[in-house]
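Q: Could you have a look at this structure, given as structure tokens, before my questions?
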Amino acid sequence: MSKFLIDKYRSLEAYTPGEQPKDMQYVKLNTNESPFPPSCGVIEKISSAEISKLNLYPDPECRELKNKIAQLYGFESDNVFVSNGSDEILSFSFMAFCSEEKGAIFPNISYGFYKVYGDLYAVDYKRAPLKEDFTIDVNDYLNVNRTVVIANPNAPTGLSLSVNDIEKIVSSNRDSVVLIDEAYVDFGGQTCLPLVKKYDNLLVVRTYSKSRSMAGARLGFAIGSKDLISDLDRIKYSTNPYNINRLTLLAGCAAIDDNDYYINRCSQIVEIREYSKKRLSQLGFEYLDSDSNFIFARSDKIGGEDYYKKLKENGVLVRHFSDEKINDFVRITVGTKEQMDTLFCVTEKILKEV
Ligand code: PMP
């Protein structure tokens, strides 16, 4: 830390992204990326002719991409906001809709960035505890007069709330924004997008990083009432109007054109997830019944941190969280069948040694 950093950031605890070690080739099951490449349409779109246009700024309005997303989900393009990864939408939303006066509420076990943005923007936030079984208690979010932020399915548990429960939360908080982060919804969760037509306080956030195999392109989008979208635009045009680069815009459009490819890839991941749950049970693991592209699992034979470390020594990366409420678990991203079989093979070996 330099002596120049201003006081309010000195105690800020920044988000720690999943590790990306370069010392060897790992089976990488730690950051919930897709194990599959983007569709052919995306790959072909990033041509050298397009690369040679990088001297020009991208379209700040992202019109074509917004139109395509709007059409796919049955909205108007004014209902769509696009961003440099969905993290940017979360950041803009905390800036736009949360403060010391207008507090926020989110689960105590959820995506770690909610707390970081809460701290960064000096928000009065509350972290509602999950129930014993790691599900969200809907009652904690009714009539709260705070901006509500919920990942559905939640991370790192993978557990979902029903659309019915989301509607209860949205309808009981008409004077607050309810942000539903659907980063993992394409792997079997139920989207609450239809509720956007009924409630002007609901903002649904999505990402291309998981189900659309484009974590490296950094693209996210949100769907909400035109007024909410214009609030996000106000922040975007006050920070970074060209937030999405030319190549990502092209890739984002091509991915929508190839939607069937991604639907198939998601089904494959769901199949591998269900297979992996069975294999984990056979190995004596307990897991939460994930609707996402990861499984949150623990074994009574080995602690979470120990298991994570031993896997890493054997070339397999998973994610471990040190929070004491969940430190006996590891979060395992669902990879290809081959990657998962490597994980199970290494796990068998590790369990024999403990
Ligand atoms: N929301 C949740 C729940 C996530 O797990 C992630 C990925 N780490 C994100 C949002 C952000 O994803 P991205 O910025 O890659 O779109």
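Please note that chains go A, B, ... in the order of the structure tokens, that every chain numbers its residues from 1, and that ligands are numbered from 1 in the order shown.
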Residues up to 9 Å from ligand 1, counting only C-alpha atoms and all ligand atoms: could you list those as a PyMOL selection string?

A: chain A and resi 17-18+31-33+83-90+110-114+150-156+181-184+205-210+214-221

Q: Name the residues of region 124-191 of chain A that fall into alpha helix (DSSP H) according to DSSP on the backbone, using the chain letters and numbers of this document, as JSON, numbers by chain.

A: {"A": [163, 164, 165, 166, 167, 168, 169, 170, 171]}

Q: With only C-alpha atoms as the basis for distance, which of A:Lys126, A:Arg246, A:Lys310, A:Arg212 is at the shortest distance from Glu64 (chain A)?

A: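 Among A:Lys126, A:Arg246, A:Lys310, A:Arg212, it is A:Arg246 that comes nearest to Glu64 (chain A).
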
Q: Ranking A:Ile109, A:Gly252, A:Asp119, A:Glu13 by minimum distance to Phe321 (chain A) and counting only C-alpha atoms, which one comes first?

A: A:Ile109

Q: Excluding Asn164 (chain A) and any residue of its chain fewer than 3 positions from it, enumerate the residues within 12 Å of it, using only C-alpha atoms, and give them as a PDB file with N, CA and C atoms, in the first residue's frame.

A:
ATOM      1  N   VAL A 138     -36.496 -17.128   2.905  1.00  0.00           N
ATOM      2  CA  VAL A 138     -37.199 -16.062   2.172  1.00  0.00           C
ATOM      3  C   VAL A 138     -37.680 -14.969   3.131  1.00  0.00           C
ATOM      4  N   SER A 160     -31.235 -23.414  -5.295  1.00  0.00           N
ATOM      5  CA  SER A 160     -32.099 -22.382  -5.895  1.00  0.00           C
ATOM      6  C   SER A 160     -33.290 -22.045  -5.012  1.00  0.00           C
ATOM      7  N   LEU A 161     -33.763 -20.822  -5.196  1.00  0.00           N
ATOM      8  CA  LEU A 161     -35.078 -20.422  -4.692  1.00  0.00           C
ATOM      9  C   LEU A 161     -36.063 -20.602  -5.832  1.00  0.00           C
ATOM     10  N   GLU A 167     -40.798 -14.003  -6.364  1.00  0.00           N
ATOM     11  CA  GLU A 167     -41.903 -13.048  -6.553  1.00  0.00           C
ATOM     12  C   GLU A 167     -42.354 -12.484  -5.203  1.00  0.00           C
ATOM     13  N   LYS A 168     -42.381 -13.329  -4.178  1.00  0.00           N
ATOM     14  CA  LYS A 168     -42.756 -12.831  -2.838  1.00  0.00           C
ATOM     15  C   LYS A 168     -41.803 -11.707  -2.413  1.00  0.00           C
ATOM     16  N   ILE A 169     -40.514 -11.933  -2.668  1.00  0.00           N
ATOM     17  CA  ILE A 169     -39.503 -10.939  -2.265  1.00  0.00           C
ATOM     18  C   ILE A 169     -39.677  -9.653  -3.078  1.00  0.00           C
ATOM     19  N   VAL A 170     -39.858  -9.802  -4.381  1.00  0.00           N
ATOM     20  CA  VAL A 170     -39.958  -8.627  -5.255  1.00  0.00           C
ATOM     21  C   VAL A 170     -41.226  -7.833  -4.931  1.00  0.00           C
ATOM     22  N   SER A 171     -42.350  -8.544  -4.725  1.00  0.00           N
ATOM     23  CA  SER A 171     -43.619  -7.834  -4.529  1.00  0.00           C
ATOM     24  C   SER A 171     -43.694  -7.199  -3.144  1.00  0.00           C
ATOM     25  N   GLN A 190     -34.510 -22.111 -12.496  1.00  0.00           N
ATOM     26  CA  GLN A 190     -35.687 -21.519 -13.134  1.00  0.00           C
ATOM     27  C   GLN A 190     -35.481 -20.014 -13.188  1.00  0.00           C
ATOM     28  N   THR A 191     -35.586 -19.434 -14.367  1.00  0.00           N
ATOM     29  CA  THR A 191     -35.343 -17.987 -14.456  1.00  0.00           C
ATOM     30  C   THR A 191     -36.561 -17.197 -13.963  1.00  0.00           C
ATOM     31  N   CYS A 192     -36.282 -16.023 -13.391  1.00  0.00           N
ATOM     32  CA  CYS A 192     -37.405 -15.160 -12.992  1.00  0.00           C
ATOM     33  C   CYS A 192     -37.585 -14.023 -13.995  1.00  0.00           C
ATOM     34  N   PRO A 194     -39.543 -13.651 -16.555  1.00  0.00           N
ATOM     35  CA  PRO A 194     -40.926 -13.225 -16.828  1.00  0.00           C
ATOM     36  C   PRO A 194     -41.447 -12.202 -15.816  1.00  0.00           C
ATOM     37  N   LEU A 195     -40.917 -12.227 -14.597  1.00  0.00           N
ATOM     38  CA  LEU A 195     -41.395 -11.273 -13.571  1.00  0.00           C
ATOM     39  C   LEU A 195     -41.001  -9.830 -13.892  1.00  0.00           C
TER      40      LEU A 195
END
